[in-house]
>>> print(open('coords-v1.cif').read())   # mmCIF, C-alpha atoms
data_query
#
loop_
_atom_site.label_atom_id
_atom_site.label_comp_id
_atom_site.auth_asym_id
_atom_site.auth_seq_id
_atom_site.Cartn_x
_atom_site.Cartn_y
_atom_site.Cartn_z
CA MET A 67 48.69 -17.63 32.85
CA GLU A 68 49.60 -14.87 30.49
CA TYR A 69 47.57 -11.90 29.37
CA LYS A 70 47.77 -8.75 27.31
CA LYS A 71 45.87 -5.52 27.93
CA MET A 72 44.84 -3.46 24.90
CA ASN A 73 42.94 -0.28 25.79
CA GLN A 74 39.90 -1.52 27.76
CA THR A 75 40.21 -5.17 26.73
CA ILE A 76 42.27 -7.94 28.32
CA VAL A 77 42.97 -11.14 26.42
CA ALA A 78 44.16 -13.93 28.73
CA ARG A 79 45.37 -17.49 28.40
CA MET A 80 45.06 -19.71 31.44
CA ASP A 81 47.15 -22.84 31.48
CA LYS A 82 46.81 -26.48 32.48
CA GLY A 83 46.33 -26.93 36.23
CA GLU A 84 45.28 -23.34 36.93
CA GLU A 85 42.01 -22.54 38.67
CA ILE A 86 39.94 -20.11 36.60
CA LEU A 87 38.35 -18.01 39.36
CA GLU A 88 41.71 -17.54 41.09
CA LYS A 89 43.23 -16.25 37.85
CA ILE A 90 40.30 -13.89 37.18
CA LYS A 91 40.83 -12.42 40.65
CA GLU A 92 44.58 -12.13 40.08
CA ILE A 93 44.03 -10.15 36.86
CA ALA A 94 41.30 -7.96 38.35
CA LEU A 95 43.36 -7.00 41.38
CA LYS A 96 46.55 -6.39 39.40
CA GLU A 97 44.72 -4.25 36.82
CA LYS A 98 42.49 -2.55 39.44
CA ILE A 99 39.32 -3.60 37.60
CA GLN A 100 36.11 -2.45 39.29
CA LEU A 101 33.65 -3.34 36.54
CA ALA A 102 34.00 -5.68 33.56
CA SER A 103 32.31 -8.42 31.56
CA VAL A 104 34.04 -11.78 31.17
CA MET A 105 33.74 -14.49 28.52
CA ALA A 106 35.80 -17.57 27.81
CA ILE A 107 36.10 -20.99 26.19
CA GLY A 108 38.53 -23.80 26.86
CA ALA A 109 38.81 -27.18 28.54
CA THR A 110 38.42 -28.44 32.10
CA ASN A 111 38.66 -31.81 33.80
CA ASP A 112 37.47 -30.84 37.26
CA PHE A 113 34.76 -28.26 37.97
CA THR A 114 31.99 -27.40 40.40
CA VAL A 115 28.89 -25.46 39.44
CA GLY A 116 25.86 -24.61 41.53
CA VAL A 117 22.17 -24.06 41.11
CA PHE A 118 20.35 -21.57 43.33
CA HIS A 119 17.17 -22.88 44.94
CA THR A 120 15.00 -19.79 45.24
CA LYS A 121 12.66 -21.13 47.96
CA GLU A 122 15.49 -22.21 50.28
CA LYS A 123 17.80 -19.35 49.18
CA LYS A 124 20.68 -21.83 48.99
CA TYR A 125 23.00 -23.17 46.31
CA ALA A 126 23.31 -26.89 45.54
CA ALA A 127 26.73 -27.80 44.17
CA ASN A 128 27.45 -30.33 41.43
CA ASN A 129 31.00 -31.64 40.91
CA PHE A 130 32.20 -33.00 37.57
CA THR A 131 35.44 -34.75 36.60
CA GLY A 132 36.56 -36.03 33.22
CA ASP A 133 37.16 -34.43 29.84
CA PHE A 134 34.94 -31.39 29.27
CA GLU A 135 34.96 -28.54 26.75
CA ILE A 136 33.98 -25.17 28.19
CA VAL A 137 31.27 -24.20 25.74
CA SER A 138 30.43 -20.97 27.55
CA LEU A 139 31.82 -19.02 30.46
CA ALA A 140 30.24 -15.62 31.05
CA GLY A 141 29.83 -13.18 33.88
CA THR A 142 30.96 -10.01 35.56
CA ILE A 143 33.73 -8.59 37.66
CA ASN A 144 32.62 -5.84 40.00
CA THR A 145 32.75 -4.95 43.69
CA MET A 146 30.88 -5.61 46.91
CA HIS A 147 31.53 -3.16 49.74
CA GLY A 148 34.32 -1.79 47.55
CA GLU A 149 36.17 -5.14 47.37
CA PHE A 150 36.69 -7.52 44.43
CA TYR A 151 33.60 -9.58 43.53
CA THR A 152 32.83 -11.80 40.57
CA HIS A 153 29.72 -13.58 39.36
CA ILE A 154 30.47 -16.20 36.71
CA HIS A 155 28.41 -18.97 35.10
CA MET A 156 29.91 -21.83 33.10
CA SER A 157 28.62 -24.59 30.84
CA ALA A 158 30.83 -27.52 29.84
CA GLY A 159 30.14 -30.43 27.51
CA ASN A 160 31.37 -34.02 27.63
CA GLU A 161 32.26 -36.37 24.74
CA MET A 162 28.59 -37.33 24.34
CA GLY A 163 27.61 -33.69 23.81
CA GLU A 164 25.88 -33.49 27.17
CA VAL A 165 26.26 -30.06 28.72
CA PHE A 166 26.29 -29.27 32.43
CA GLY A 167 26.47 -25.85 33.98
CA GLY A 168 25.49 -23.27 36.51
CA HIS A 169 27.07 -20.77 38.88
CA LEU A 170 30.82 -21.38 38.77
CA ASN A 171 32.39 -22.33 42.11
CA ARG A 172 35.70 -23.64 40.71
CA ALA A 173 37.20 -25.01 37.51
CA ILE A 174 40.64 -26.44 36.82
CA VAL A 175 42.01 -25.91 33.31
CA SER A 176 42.91 -29.21 31.64
CA ALA A 177 44.45 -27.83 28.43
CA THR A 178 43.85 -24.09 28.03
CA CYS A 179 41.27 -21.40 28.73
CA GLU A 180 41.02 -18.42 26.40
CA MET A 181 39.38 -15.44 28.08
CA VAL A 182 38.39 -11.92 27.10
CA ILE A 183 37.72 -9.36 29.82
CA GLN A 184 36.02 -6.17 28.64
CA ILE A 185 36.63 -3.38 31.16
CA ILE A 186 33.72 -0.98 31.69
CA ASP A 187 34.28 2.57 32.95
CA GLY A 188 32.47 3.03 36.25
CA VAL A 189 31.59 1.15 39.39
CA VAL A 190 28.59 -1.02 40.23
CA ASP A 191 28.75 -2.38 43.76
CA ARG A 192 26.69 -5.28 45.14
CA LYS A 193 24.49 -5.55 48.19
CA PHE A 194 22.90 -8.61 49.79
CA ASP A 195 19.14 -8.69 49.19
CA GLU A 196 17.33 -10.43 52.07
CA GLU A 197 14.19 -11.16 50.02
CA ILE A 198 16.03 -12.77 47.11
CA GLY A 199 18.93 -14.21 49.09
CA LEU A 200 21.62 -13.08 46.65
CA ASN A 201 24.18 -10.28 46.25
CA LEU A 202 22.53 -8.01 43.68
CA PHE A 203 23.76 -5.04 41.66
CA GLN A 204 23.32 -1.81 43.62
CA PHE A 205 22.86 1.27 41.45
#
>>> encode(input="coords-v1.cif", output="structure tokens")
Amino acid sequence: MEYKKMNQTIVARMDKGEEILEKIKEIALKEKIQLASVMAIGATNDFTVGVFHTKEKKYAANNFTGDFEIVSLAGTINTMHGEFYTHIHMSAGNEMGEVFGGHLNRAIVSATCEMVIQIIDGVVDRKFDEEIGLNLFQF
């Protein structure tokens, strides 16, 4: 991975074999990011995304392997109890144009991943919401 910071924007390139969430965390901790938006495109050959079942308040994970283009990766970097936290969703398409996605649990870069992180001045922490079953923004 390599990246360049320009004012409040980070442009990153993640390389073959790297895990995307690990690299987001590495950048966020190194740059002391407390709040940012994240977007990316690229390619993956091994990823896991989840879908939250609201009645059960649990995620179901779906694993995918093969050649996939990341058509959209979007989310946030922020904090929970003052520590690094990220919430990312990803959609990836196969050679038939079928797209699969959800809450990103892990994704291995198969060629490259081009990411833009837009740092936001301020802090928005998260807190677990018992009723919803998720870690929600706390203002």
>>> residues_around(input="coords-v1.cif", residues="Met146 in chain A", least_positions_apart="5", cutoff="7 Å", atoms="only C-alpha atoms", output="short mmCIF file (atom, residue, chain, number, x, y, z; two decimals) with C-alpha atoms, in the coordinates of the input")
data_model
loop_
_atom_site.label_atom_id
_atom_site.label_comp_id
_atom_site.auth_asym_id
_atom_site.auth_seq_id
_atom_site.Cartn_x
_atom_site.Cartn_y
_atom_site.Cartn_z
CA TYR A 151 33.60 -9.58 43.53
CA ASP A 191 28.75 -2.38 43.76
CA ARG A 192 26.69 -5.28 45.14
CA LYS A 193 24.49 -5.55 48.19
#
>>> closest_residue(input="coords-v1.cif", among="A:Lys123, A:Ile186, A:Phe134, A:Glu149", to="Glu164 in chain A", atoms="all atoms listed in the file")
A:Phe134
>>> resolve_selection(input="coords-v1.cif", expression="the PyMOL selection byres ((chain A and resi 111) around 10)", output="ChimeraX atom specification")
/A:82-83,109-110,112-113,130-136,158,160,173-177
>>> atom_distance(input="coords-v1.cif", atom1="CA of His119 in chain A", atom2="CA of Gly199 in chain A")
9.8 Å
>>> closest_residue(input="coords-v1.cif", among="A:Ile86, A:Met105, A:Val190, A:Met162", to="Gly141 in chain A", atoms="only C-alpha atoms")
A:Met105
>>> build_atoms(input="coords-v1.cif", residues="range 170-181 of chain A", atoms="N, CA, C and O atoms", output="compact mmCIF listing (two decimals), in the frame of the given file")
# COMPACT_ATOMS: atom_id res chain seq x y z
N LEU A 170 29.49 -20.79 38.65
CA LEU A 170 30.82 -21.38 38.77
C LEU A 170 31.39 -21.21 40.17
O LEU A 170 31.54 -20.08 40.66
N ASN A 171 31.73 -22.33 40.80
CA ASN A 171 32.39 -22.33 42.11
C ASN A 171 33.89 -22.55 41.95
O ASN A 171 34.68 -22.01 42.72
N ARG A 172 34.28 -23.38 40.98
CA ARG A 172 35.70 -23.64 40.71
C ARG A 172 35.80 -24.43 39.42
O ARG A 172 34.89 -25.19 39.08
N ALA A 173 36.92 -24.24 38.72
CA ALA A 173 37.20 -25.01 37.51
C ALA A 173 38.69 -25.04 37.28
O ALA A 173 39.36 -23.99 37.27
N ILE A 174 39.22 -26.25 37.10
CA ILE A 174 40.64 -26.44 36.82
C ILE A 174 40.82 -26.61 35.32
O ILE A 174 40.14 -27.43 34.69
N VAL A 175 41.72 -25.84 34.75
CA VAL A 175 42.01 -25.91 33.31
C VAL A 175 42.74 -27.22 33.02
O VAL A 175 43.71 -27.55 33.69
N SER A 176 42.26 -27.95 32.01
CA SER A 176 42.91 -29.21 31.64
C SER A 176 43.82 -29.07 30.43
O SER A 176 44.72 -29.89 30.23
N ALA A 177 43.60 -28.07 29.60
CA ALA A 177 44.45 -27.83 28.43
C ALA A 177 44.76 -26.33 28.33
O ALA A 177 45.89 -25.91 28.48
N THR A 178 43.71 -25.55 28.09
CA THR A 178 43.85 -24.09 28.03
C THR A 178 42.49 -23.47 28.28
O THR A 178 41.45 -24.13 28.15
N CYS A 179 42.50 -22.20 28.63
CA CYS A 179 41.27 -21.40 28.73
C CYS A 179 41.59 -20.05 28.11
O CYS A 179 42.54 -19.38 28.53
N GLU A 180 40.84 -19.68 27.09
CA GLU A 180 41.02 -18.42 26.40
C GLU A 180 39.93 -17.46 26.85
O GLU A 180 38.74 -17.75 26.68
N MET A 181 40.33 -16.35 27.45
CA MET A 181 39.38 -15.44 28.08
C MET A 181 39.54 -14.03 27.55
O MET A 181 40.65 -13.57 27.29
